[in-house]
Every structure is written in C-alpha cells, then in structure tokens.
$ cat my_file-v4.tsv   # TSV, C-alpha atoms
chain	number	residue	atom	x	y	z
A	23	CYS	CA	0.00	0.00	0.00
A	24	ALA	CA	1.43	3.37	-1.04
A	25	LEU	CA	0.99	6.44	1.13
A	26	PRO	CA	1.35	9.75	-0.69
A	27	ILE	CA	0.91	13.02	1.21
A	28	LEU	CA	-0.40	15.86	-0.91
A	29	ASP	CA	-0.29	19.62	-0.38
A	30	ASP	CA	-3.03	22.21	-0.81
A	31	LYS	CA	-2.36	22.45	-4.57
A	32	GLY	CA	-2.76	18.73	-5.25
A	33	ILE	CA	0.99	18.10	-5.55
A	34	ILE	CA	2.47	14.96	-4.00
A	35	ILE	CA	4.99	16.14	-1.39
A	36	ALA	CA	5.80	12.76	0.19
A	37	SER	CA	5.55	9.22	-1.15
A	38	LYS	CA	7.24	5.85	-0.82
A	39	THR	CA	7.65	6.04	-4.60
A	40	ASP	CA	10.19	8.80	-5.31
A	41	GLY	CA	8.98	9.26	-8.89
A	42	ARG	CA	5.57	10.45	-7.67
A	43	ILE	CA	6.95	13.32	-5.56
A	44	GLY	CA	6.27	16.66	-7.23
A	45	THR	CA	3.57	15.27	-9.52
A	46	PHE	CA	-0.05	16.42	-9.73
A	47	HIS	CA	-2.81	14.39	-8.07
A	48	GLU	CA	-6.22	15.23	-9.52
A	49	ILE	CA	-8.31	13.83	-6.64
A	50	ALA	CA	-6.29	15.69	-3.98
A	51	PHE	CA	-6.88	18.90	-5.93
A	52	GLN	CA	-10.63	18.15	-6.02
A	53	ILE	CA	-10.73	17.42	-2.29
A	54	ILE	CA	-8.84	20.58	-1.33
A	55	ASN	CA	-10.93	22.80	-3.59
A	56	GLY	CA	-14.29	21.06	-3.23
A	57	GLU	CA	-16.83	20.03	-0.63
A	58	ALA	CA	-15.79	16.37	-0.30
A	59	ASP	CA	-13.35	15.40	2.45
A	60	LEU	CA	-13.05	11.80	1.27
A	61	ILE	CA	-12.95	10.34	-2.23
A	62	ILE	CA	-12.57	6.65	-2.98
A	63	VAL	CA	-11.04	5.72	-6.35
A	64	ASP	CA	-11.72	2.26	-7.74
A	65	ASN	CA	-9.54	2.33	-10.87
A	66	ASP	CA	-5.94	3.51	-11.44
A	67	GLU	CA	-6.84	4.85	-14.88
A	68	ASP	CA	-9.72	7.18	-13.95
A	69	TYR	CA	-7.77	10.26	-12.79
A	70	LEU	CA	-4.45	11.99	-13.49
A	71	GLY	CA	-1.73	10.89	-11.07
A	72	VAL	CA	-4.14	8.83	-8.95
A	73	LYS	CA	-4.05	5.19	-7.96
A	74	ALA	CA	-7.00	3.14	-6.67
A	75	GLY	CA	-7.63	3.64	-2.96
A	76	VAL	CA	-8.78	6.13	-0.34
A	77	ASN	CA	-7.98	9.86	-0.42
A	78	MET	CA	-8.81	11.86	2.69
A	79	ALA	CA	-8.38	15.54	3.60
A	80	PHE	CA	-6.51	16.52	6.74
A	81	PHE	CA	-7.18	19.74	8.57
A	82	TYR	CA	-5.50	22.42	10.64
A	83	LYS	CA	-7.78	24.74	12.62
A	84	ASN	CA	-10.81	23.49	10.67
A	85	LYS	CA	-9.21	24.30	7.29
A	86	LYS	CA	-8.24	21.70	4.70
A	87	VAL	CA	-4.48	21.87	4.31
A	88	GLY	CA	-3.63	18.62	2.57
A	89	VAL	CA	-4.67	15.12	1.57
A	90	VAL	CA	-3.43	11.69	2.52
A	91	GLY	CA	-3.90	8.91	-0.02
A	92	ILE	CA	-3.64	5.19	0.59
A	93	THR	CA	-3.72	2.73	-2.26
A	94	GLY	CA	-5.44	-0.61	-1.94
A	95	ASP	CA	-8.86	-2.10	-1.24
A	96	PRO	CA	-10.94	0.80	0.21
A	97	ASP	CA	-12.81	-1.44	2.67
A	98	GLU	CA	-9.53	-2.64	4.17
A	99	ILE	CA	-7.57	0.61	4.16
A	100	LYS	CA	-10.23	3.19	5.11
A	101	PRO	CA	-9.69	2.67	8.89
A	102	ILE	CA	-5.93	2.91	8.36
A	103	ALA	CA	-6.38	6.12	6.36
A	104	LEU	CA	-8.39	7.62	9.22
A	105	ILE	CA	-5.66	6.78	11.76
A	106	ILE	CA	-2.97	8.23	9.49
A	107	LYS	CA	-5.06	11.37	8.90
A	108	MET	CA	-5.46	11.89	12.66
A	109	SER	CA	-1.73	11.26	13.17
A	110	ILE	CA	-0.81	13.83	10.53
A	111	GLU	CA	-3.16	16.41	12.07
A	112	THR	CA	-1.68	15.82	15.52
A	113	MET	CA	1.91	16.02	14.26
A	114	LEU	CA	1.14	19.16	12.25
A	115	GLU	CA	-0.43	20.87	15.25
A	116	TYR	CA	2.50	19.88	17.47
A	117	GLU	CA	5.13	21.04	14.97
A	118	LEU	CA	3.41	24.39	14.49
A	119	TYR	CA	3.14	24.75	18.28
A	120	LYS	CA	6.87	24.07	18.63
A	121	GLU	CA	7.63	26.58	15.87
A	122	LYS	CA	5.52	29.23	17.60
A	123	ARG	CA	7.33	28.60	20.91
A	124	TYR	CA	10.70	28.77	19.16
A	125	GLN	CA	9.80	32.08	17.49
A	126	ARG	CA	8.65	33.53	20.83
A	127	ARG	CA	11.86	32.42	22.55
A	128	ASN	CA	13.90	33.91	19.70
A	129	MET	CA	12.01	37.21	19.98
A	130	LYS	CA	12.67	37.28	23.74
A	131	GLU	CA	16.37	36.63	23.18
A	132	GLN	CA	16.58	39.39	20.60
A	133	LEU	CA	14.80	41.81	22.93
A	134	LEU	CA	17.13	40.97	25.80
A	135	PHE	CA	20.18	41.34	23.58
A	136	ARG	CA	19.02	44.76	22.43
A	137	ILE	CA	18.33	45.88	26.01
A	138	LEU	CA	21.57	44.54	27.46
A	139	TYR	CA	24.14	45.04	24.72
A	140	ARG	CA	23.02	47.74	22.33
A	141	ASN	CA	23.52	51.42	23.10
A	142	ASP	CA	21.75	52.78	20.04
A	143	VAL	CA	18.30	51.30	20.72
A	144	ASP	CA	15.29	53.57	20.78
A	145	GLU	CA	12.94	52.98	23.72
A	146	LYS	CA	9.97	53.02	21.34
A	147	ASP	CA	11.44	50.05	19.45
A	148	ILE	CA	11.85	48.12	22.68
A	149	LEU	CA	8.26	48.86	23.65
A	150	VAL	CA	7.03	47.70	20.24
A	151	ASP	CA	8.98	44.44	20.55
A	152	ALA	CA	7.77	43.93	24.13
A	153	GLY	CA	4.21	44.53	22.93
A	154	LYS	CA	4.60	41.82	20.28
A	155	LEU	CA	5.52	39.44	23.09
A	156	GLY	CA	2.54	40.54	25.16
A	157	LEU	CA	4.77	42.03	27.84
A	158	ARG	CA	3.21	44.72	29.97
A	159	GLU	CA	5.24	47.90	30.26
A	160	ASP	CA	3.78	48.86	33.64
A	161	LEU	CA	5.55	46.02	35.48
A	162	ILE	CA	8.87	46.50	37.19
A	163	ARG	CA	11.40	43.90	36.09
A	164	VAL	CA	14.50	43.06	38.06
A	165	PRO	CA	17.42	41.25	36.42
A	166	ILE	CA	18.87	38.33	38.33
A	167	TYR	CA	22.36	37.00	37.68
A	168	MET	CA	23.12	33.38	38.53
A	169	SER	CA	26.45	31.65	38.31
A	170	VAL	CA	26.74	27.88	38.13
A	171	ILE	CA	30.41	27.64	37.27
A	172	ASP	CA	31.05	24.75	39.67
A	173	LYS	CA	28.04	22.73	38.46
A	174	PRO	CA	26.97	23.86	34.97
A	175	ASP	CA	24.87	20.72	34.51
A	176	MET	CA	22.54	22.06	37.23
A	177	LEU	CA	21.43	25.05	35.11
A	178	PRO	CA	18.60	23.22	33.30
A	179	ASN	CA	17.24	21.98	36.64
A	180	ILE	CA	17.45	25.44	38.18
A	181	MET	CA	15.70	27.03	35.21
A	182	SER	CA	13.01	24.34	35.24
A	183	THR	CA	12.40	24.88	38.96
A	184	ILE	CA	12.05	28.62	38.45
A	185	ARG	CA	9.71	28.20	35.47
A	186	SER	CA	7.49	25.76	37.36
A	187	SER	CA	7.26	28.08	40.37
A	188	ARG	CA	3.93	29.75	41.07
A	189	TYR	CA	5.80	33.07	40.93
A	190	HIS	CA	6.87	32.63	37.31
A	191	SER	CA	4.60	34.14	34.64
A	192	LYS	CA	4.51	34.88	30.94
A	193	GLN	CA	5.68	38.37	31.84
A	194	ASP	CA	9.10	37.01	32.82
A	195	LEU	CA	11.83	37.20	30.17
A	196	MET	CA	13.60	33.94	30.90
$ encode --input "my_file-v4.tsv" --output "structure tokens"
Amino acid sequence: CALPILDDKGIIIASKTDGRIGTFHEIAFQIINGEADLIIVDNDEDYLGVKAGVNMAFFYKNKKVGVVGITGDPDEIKPIALIIKMSIETMLEYELYKEKRYQRRNMKEQLLFRILYRNDVDEKDILVDAGKLGLREDLIRVPIYMSVIDKPDMLPNIMSTIRSSRYHSKQDLM
C-alpha cells in the first residue's frame, strides 16, 4: 500500500515512490478545492496521477491543508487512512506549536540582547517588541544573575524549577 501526502495544490509532497513526488494528483486537488473530504477511487486509470484507494483531507484549525492517499482495497484501508489522517493532524499541530514557541523564545532573546548590549536602541522600538511578546510595560522587572560555574549541569534543573514556580509568569523574560 502506497501512502502519498499531498499539499493544498494537489501536488504529491511525500511518497514511498520517489517518482511520484512533485507530480499532480487530480483527486487531492478536487478534495482541497471542493466540498468532499473523502474520495474513494476504484480504478488507477480514472484520474491523473491517482491510484485506486482512499484519499482523505486533513485539517489544521478546521481548514483543509492537505490530503493523505492510501492505495489498496478501500474497505480494508479506510480505517488505516483515518488513523494516518489523525496522526498527521496531531503532528502538524504539534510542529506548528513548537515553531511558535521557538519564534517567541527567539524574539525574547533578541529583545534581551538589544536591552543589554546595544547602546543605540530607541525605547519606542523596545516597547514595540515587548508589545509583540505581550509584555506589559507597567511592570517592574529586576534582572537576576546566577552563576553555576562549579556545576553547569545544574542550570537546566534550576531554570526548570524557576519556570514551574507559582511566581513565574509569561511576563518574565527567561
């Protein structure tokens, strides 16, 4: 059973068969642009770039973003297609969540660098960046310096303890 993953334009972006990657898949295009979320194909010859099997949309935030296709007998593979669809949706949501967290952490690091090491920074720019992070400007922030020279492997544990404290909030810049 083949398992192509198709993007929102009906192009195969992942497949066990390398030759299919980058090719057009007519049913995926129909699913993405139409009302149907599931189309079963009985014959390899009926549609451009499509093999017999089950083709099912996957979603992100209630929007169709791609299609998973599984070749084979539809009665046998439909439950497998549903599991794969749910797995893809979960992985997509998790990866986008991680990306969002990474971008936020990067923005915090850039803000801290500008505050601590740049002399030519305009206060308005800092306030704009802080606003993007949802940081309130009316709070007083106190920098804390910690040194773990003797036991550098303790730093992750220390940071984790601080972050899990009831006194830590999203307003903190760590």
$ atom_distance --input "my_file-v4.tsv" --atom1 "atom CA of A:Lys130" --atom2 "atom CA of A:Arg158"
13.6 Å
$ residues_around --input "my_file-v4.tsv" --residues "A:Ile106" --least-positions-apart "2" --cutoff "10 Å" --atoms "only C-alpha atoms" --output "list in words"
Leu25, Met78, Phe80, Val90, Gly91, Ile92, Lys100, Pro101, Ile102, Ala103, Leu104, Met108, Ser109, Ile110, Glu111 and Thr112 of chain A
$ closest_residue --input "my_file-v4.tsv" --among "A:Ala36, A:Pro26, A:Glu98, A:Tyr119" --to "A:Lys73" --atoms "all atoms listed in the file"
A:Pro26
$ residues_around --input "my_file-v4.tsv" --residues "A:Phe81" --least-positions-apart "4" --cutoff "12 Å" --atoms "only C-alpha atoms" --output "short mmCIF file (atom, residue, chain, number, x, y, z; two decimals) with C-alpha atoms, in the coordinates of the input"
data_model
loop_
_atom_site.label_atom_id
_atom_site.label_comp_id
_atom_site.auth_asym_id
_atom_site.auth_seq_id
_atom_site.Cartn_x
_atom_site.Cartn_y
_atom_site.Cartn_z
CA ASP A 29 -0.29 19.62 -0.38
CA ASP A 30 -3.03 22.21 -0.81
CA ILE A 53 -10.73 17.42 -2.29
CA ILE A 54 -8.84 20.58 -1.33
CA ASP A 59 -13.35 15.40 2.45
CA LYS A 85 -9.21 24.30 7.29
CA LYS A 86 -8.24 21.70 4.70
CA VAL A 87 -4.48 21.87 4.31
CA GLY A 88 -3.63 18.62 2.57
CA VAL A 89 -4.67 15.12 1.57
CA VAL A 90 -3.43 11.69 2.52
CA LYS A 107 -5.06 11.37 8.90
CA MET A 108 -5.46 11.89 12.66
CA SER A 109 -1.73 11.26 13.17
CA ILE A 110 -0.81 13.83 10.53
CA GLU A 111 -3.16 16.41 12.07
CA THR A 112 -1.68 15.82 15.52
CA MET A 113 1.91 16.02 14.26
CA LEU A 114 1.14 19.16 12.25
CA GLU A 115 -0.43 20.87 15.25
#
$ residues_around --input "my_file-v4.tsv" --residues "A:Asp64" --least-positions-apart "4" --cutoff "12 Å" --atoms "only C-alpha atoms" --output "PyMOL selection string"
chain A and resi 68-69+72-77+92-97
$ residues_around --input "my_file-v4.tsv" --residues "A:Gln52" --least-positions-apart "6" --cutoff "10 Å" --atoms "all atoms listed in the file" --output "number ranges by chain"
A: 31-32, 58-61
$ atom_distance --input "my_file-v4.tsv" --atom1 "atom CA of A:Lys146" --atom2 "atom CA of A:Gln193"
18.5 Å
$ atom_distance --input "my_file-v4.tsv" --atom1 "atom CA of A:Ile34" --atom2 "atom CA of A:Lys120"
24.8 Å
$ closest_residue --input "my_file-v4.tsv" --among "A:Arg188, A:Lys173, A:Arg136, A:Arg126" --to "A:Gly156" --atoms "only C-alpha atoms"
A:Arg126
$ closest_residue --input "my_file-v4.tsv" --among "A:Asn141, A:Ile162, A:Tyr82, A:Ser191" --to "A:Glu117" --atoms "all atoms listed in the file"
A:Tyr82
$ axis_aligned_box --input "my_file-v4.tsv" --around "stretch 156-160 of chain A" --padding-each-side "3 Å" --output "JSON"
{"center_x": 3.9, "center_y": 44.7, "center_z": 29.4, "size_x": 8.7, "size_y": 14.3, "size_z": 14.5}
$ decode --input "my_file-v4.tsv" --residues "stretch 154-187 of chain A" --atoms "N, CA, C and O atoms" --output "PDB file, in the first residue's frame"
ATOM      1  N   LYS A 154       4.774  43.011  21.116  1.00  0.00           N
ATOM      2  CA  LYS A 154       4.596  41.821  20.278  1.00  0.00           C
ATOM      3  C   LYS A 154       4.640  40.545  21.110  1.00  0.00           C
ATOM      4  O   LYS A 154       4.020  39.545  20.764  1.00  0.00           O
ATOM      5  N   LEU A 155       5.409  40.592  22.195  1.00  0.00           N
ATOM      6  CA  LEU A 155       5.518  39.443  23.087  1.00  0.00           C
ATOM      7  C   LEU A 155       4.424  39.427  24.150  1.00  0.00           C
ATOM      8  O   LEU A 155       4.348  38.505  24.958  1.00  0.00           O
ATOM      9  N   GLY A 156       3.601  40.460  24.163  1.00  0.00           N
ATOM     10  CA  GLY A 156       2.538  40.537  25.157  1.00  0.00           C
ATOM     11  C   GLY A 156       3.040  40.944  26.535  1.00  0.00           C
ATOM     12  O   GLY A 156       2.394  40.666  27.540  1.00  0.00           O
ATOM     13  N   LEU A 157       4.201  41.603  26.561  1.00  0.00           N
ATOM     14  CA  LEU A 157       4.775  42.027  27.841  1.00  0.00           C
ATOM     15  C   LEU A 157       4.203  43.383  28.236  1.00  0.00           C
ATOM     16  O   LEU A 157       4.192  44.314  27.429  1.00  0.00           O
ATOM     17  N   ARG A 158       3.767  43.461  29.454  1.00  0.00           N
ATOM     18  CA  ARG A 158       3.207  44.715  29.967  1.00  0.00           C
ATOM     19  C   ARG A 158       4.344  45.660  30.317  1.00  0.00           C
ATOM     20  O   ARG A 158       5.331  45.264  30.920  1.00  0.00           O
ATOM     21  N   GLU A 159       4.183  46.930  29.970  1.00  0.00           N
ATOM     22  CA  GLU A 159       5.242  47.901  30.260  1.00  0.00           C
ATOM     23  C   GLU A 159       5.105  48.514  31.649  1.00  0.00           C
ATOM     24  O   GLU A 159       6.025  49.154  32.130  1.00  0.00           O
ATOM     25  N   ASP A 160       3.975  48.272  32.313  1.00  0.00           N
ATOM     26  CA  ASP A 160       3.776  48.862  33.640  1.00  0.00           C
ATOM     27  C   ASP A 160       4.392  48.028  34.771  1.00  0.00           C
ATOM     28  O   ASP A 160       4.389  48.452  35.916  1.00  0.00           O
ATOM     29  N   LEU A 161       4.932  46.860  34.454  1.00  0.00           N
ATOM     30  CA  LEU A 161       5.547  46.018  35.482  1.00  0.00           C
ATOM     31  C   LEU A 161       7.018  46.374  35.665  1.00  0.00           C
ATOM     32  O   LEU A 161       7.716  46.674  34.700  1.00  0.00           O
ATOM     33  N   ILE A 162       7.455  46.286  36.891  1.00  0.00           N
ATOM     34  CA  ILE A 162       8.874  46.496  37.189  1.00  0.00           C
ATOM     35  C   ILE A 162       9.560  45.142  37.047  1.00  0.00           C
ATOM     36  O   ILE A 162       9.121  44.139  37.605  1.00  0.00           O
ATOM     37  N   ARG A 163      10.638  45.136  36.296  1.00  0.00           N
ATOM     38  CA  ARG A 163      11.395  43.904  36.094  1.00  0.00           C
ATOM     39  C   ARG A 163      12.773  44.062  36.712  1.00  0.00           C
ATOM     40  O   ARG A 163      13.422  45.094  36.550  1.00  0.00           O
ATOM     41  N   VAL A 164      13.212  43.029  37.384  1.00  0.00           N
ATOM     42  CA  VAL A 164      14.502  43.056  38.064  1.00  0.00           C
ATOM     43  C   VAL A 164      15.365  41.950  37.466  1.00  0.00           C
ATOM     44  O   VAL A 164      14.974  40.782  37.481  1.00  0.00           O
ATOM     45  N   PRO A 165      16.532  42.301  36.948  1.00  0.00           N
ATOM     46  CA  PRO A 165      17.415  41.252  36.420  1.00  0.00           C
ATOM     47  C   PRO A 165      18.062  40.475  37.569  1.00  0.00           C
ATOM     48  O   PRO A 165      18.380  41.034  38.606  1.00  0.00           O
ATOM     49  N   ILE A 166      18.214  39.189  37.349  1.00  0.00           N
ATOM     50  CA  ILE A 166      18.874  38.330  38.332  1.00  0.00           C
ATOM     51  C   ILE A 166      20.015  37.619  37.624  1.00  0.00           C
ATOM     52  O   ILE A 166      19.830  37.031  36.554  1.00  0.00           O
ATOM     53  N   TYR A 167      21.173  37.660  38.234  1.00  0.00           N
ATOM     54  CA  TYR A 167      22.355  36.999  37.676  1.00  0.00           C
ATOM     55  C   TYR A 167      22.634  35.760  38.506  1.00  0.00           C
ATOM     56  O   TYR A 167      22.700  35.822  39.733  1.00  0.00           O
ATOM     57  N   MET A 168      22.785  34.621  37.844  1.00  0.00           N
ATOM     58  CA  MET A 168      23.125  33.376  38.530  1.00  0.00           C
ATOM     59  C   MET A 168      24.396  32.819  37.921  1.00  0.00           C
ATOM     60  O   MET A 168      24.581  32.864  36.711  1.00  0.00           O
ATOM     61  N   SER A 169      25.218  32.282  38.775  1.00  0.00           N
ATOM     62  CA  SER A 169      26.447  31.653  38.315  1.00  0.00           C
ATOM     63  C   SER A 169      26.460  30.206  38.774  1.00  0.00           C
ATOM     64  O   SER A 169      26.264  29.915  39.954  1.00  0.00           O
ATOM     65  N   VAL A 170      26.665  29.312  37.814  1.00  0.00           N
ATOM     66  CA  VAL A 170      26.740  27.878  38.126  1.00  0.00           C
ATOM     67  C   VAL A 170      28.043  27.308  37.583  1.00  0.00           C
ATOM     68  O   VAL A 170      28.064  26.236  36.995  1.00  0.00           O
ATOM     69  N   ILE A 171      29.116  28.038  37.809  1.00  0.00           N
ATOM     70  CA  ILE A 171      30.413  27.639  37.270  1.00  0.00           C
ATOM     71  C   ILE A 171      30.838  26.269  37.795  1.00  0.00           C
ATOM     72  O   ILE A 171      31.342  25.433  37.044  1.00  0.00           O
ATOM     73  N   ASP A 172      30.626  26.028  39.080  1.00  0.00           N
ATOM     74  CA  ASP A 172      31.050  24.747  39.665  1.00  0.00           C
ATOM     75  C   ASP A 172      30.216  23.566  39.185  1.00  0.00           C
ATOM     76  O   ASP A 172      30.705  22.453  39.088  1.00  0.00           O
ATOM     77  N   LYS A 173      28.932  23.810  38.886  1.00  0.00           N
ATOM     78  CA  LYS A 173      28.036  22.727  38.464  1.00  0.00           C
ATOM     79  C   LYS A 173      27.161  23.191  37.298  1.00  0.00           C
ATOM     80  O   LYS A 173      25.956  23.376  37.447  1.00  0.00           O
ATOM     81  N   PRO A 174      27.745  23.369  36.109  1.00  0.00           N
ATOM     82  CA  PRO A 174      26.969  23.863  34.970  1.00  0.00           C
ATOM     83  C   PRO A 174      25.827  22.930  34.555  1.00  0.00           C
ATOM     84  O   PRO A 174      24.845  23.381  33.973  1.00  0.00           O
ATOM     85  N   ASP A 175      25.938  21.651  34.873  1.00  0.00           N
ATOM     86  CA  ASP A 175      24.870  20.717  34.514  1.00  0.00           C
ATOM     87  C   ASP A 175      23.607  20.939  35.343  1.00  0.00           C
ATOM     88  O   ASP A 175      22.545  20.417  35.028  1.00  0.00           O
ATOM     89  N   MET A 176      23.689  21.749  36.386  1.00  0.00           N
ATOM     90  CA  MET A 176      22.537  22.061  37.232  1.00  0.00           C
ATOM     91  C   MET A 176      21.650  23.159  36.631  1.00  0.00           C
ATOM     92  O   MET A 176      20.504  23.318  37.040  1.00  0.00           O
ATOM     93  N   LEU A 177      22.176  23.921  35.670  1.00  0.00           N
ATOM     94  CA  LEU A 177      21.431  25.046  35.111  1.00  0.00           C
ATOM     95  C   LEU A 177      20.054  24.653  34.569  1.00  0.00           C
ATOM     96  O   LEU A 177      19.057  25.308  34.897  1.00  0.00           O
ATOM     97  N   PRO A 178      19.935  23.587  33.786  1.00  0.00           N
ATOM     98  CA  PRO A 178      18.596  23.218  33.298  1.00  0.00           C
ATOM     99  C   PRO A 178      17.619  22.932  34.446  1.00  0.00           C
ATOM    100  O   PRO A 178      16.448  23.305  34.380  1.00  0.00           O
ATOM    101  N   ASN A 179      18.102  22.271  35.491  1.00  0.00           N
ATOM    102  CA  ASN A 179      17.240  21.976  36.644  1.00  0.00           C
ATOM    103  C   ASN A 179      16.827  23.252  37.366  1.00  0.00           C
ATOM    104  O   ASN A 179      15.668  23.397  37.784  1.00  0.00           O
ATOM    105  N   ILE A 180      17.748  24.168  37.514  1.00  0.00           N
ATOM    106  CA  ILE A 180      17.452  25.443  38.179  1.00  0.00           C
ATOM    107  C   ILE A 180      16.413  26.209  37.374  1.00  0.00           C
ATOM    108  O   ILE A 180      15.420  26.708  37.920  1.00  0.00           O
ATOM    109  N   MET A 181      16.631  26.302  36.064  1.00  0.00           N
ATOM    110  CA  MET A 181      15.698  27.034  35.206  1.00  0.00           C
ATOM    111  C   MET A 181      14.314  26.379  35.221  1.00  0.00           C
ATOM    112  O   MET A 181      13.292  27.062  35.273  1.00  0.00           O
ATOM    113  N   SER A 182      14.275  25.060  35.199  1.00  0.00           N
ATOM    114  CA  SER A 182      13.008  24.335  35.235  1.00  0.00           C
ATOM    115  C   SER A 182      12.271  24.596  36.547  1.00  0.00           C
ATOM    116  O   SER A 182      11.048  24.793  36.553  1.00  0.00           O
ATOM    117  N   THR A 183      13.002  24.614  37.644  1.00  0.00           N
ATOM    118  CA  THR A 183      12.403  24.880  38.956  1.00  0.00           C
ATOM    119  C   THR A 183      11.812  26.284  39.000  1.00  0.00           C
ATOM    120  O   THR A 183      10.691  26.489  39.481  1.00  0.00           O
ATOM    121  N   ILE A 184      12.546  27.244  38.474  1.00  0.00           N
ATOM    122  CA  ILE A 184      12.048  28.624  38.452  1.00  0.00           C
ATOM    123  C   ILE A 184      10.807  28.726  37.579  1.00  0.00           C
ATOM    124  O   ILE A 184       9.807  29.330  37.967  1.00  0.00           O
ATOM    125  N   ARG A 185      10.854  28.122  36.386  1.00  0.00           N
ATOM    126  CA  ARG A 185       9.712  28.201  35.470  1.00  0.00           C
ATOM    127  C   ARG A 185       8.462  27.517  36.021  1.00  0.00           C
ATOM    128  O   ARG A 185       7.346  27.918  35.705  1.00  0.00           O
ATOM    129  N   SER A 186       8.655  26.474  36.815  1.00  0.00           N
ATOM    130  CA  SER A 186       7.489  25.758  37.359  1.00  0.00           C
ATOM    131  C   SER A 186       6.977  26.388  38.656  1.00  0.00           C
ATOM    132  O   SER A 186       5.945  25.985  39.173  1.00  0.00           O
ATOM    133  N   SER A 187       7.672  27.386  39.151  1.00  0.00           N
ATOM    134  CA  SER A 187       7.261  28.076  40.366  1.00  0.00           C
ATOM    135  C   SER A 187       5.964  28.843  40.141  1.00  0.00           C
ATOM    136  O   SER A 187       5.693  29.338  39.046  1.00  0.00           O
TER     137      SER A 187
END
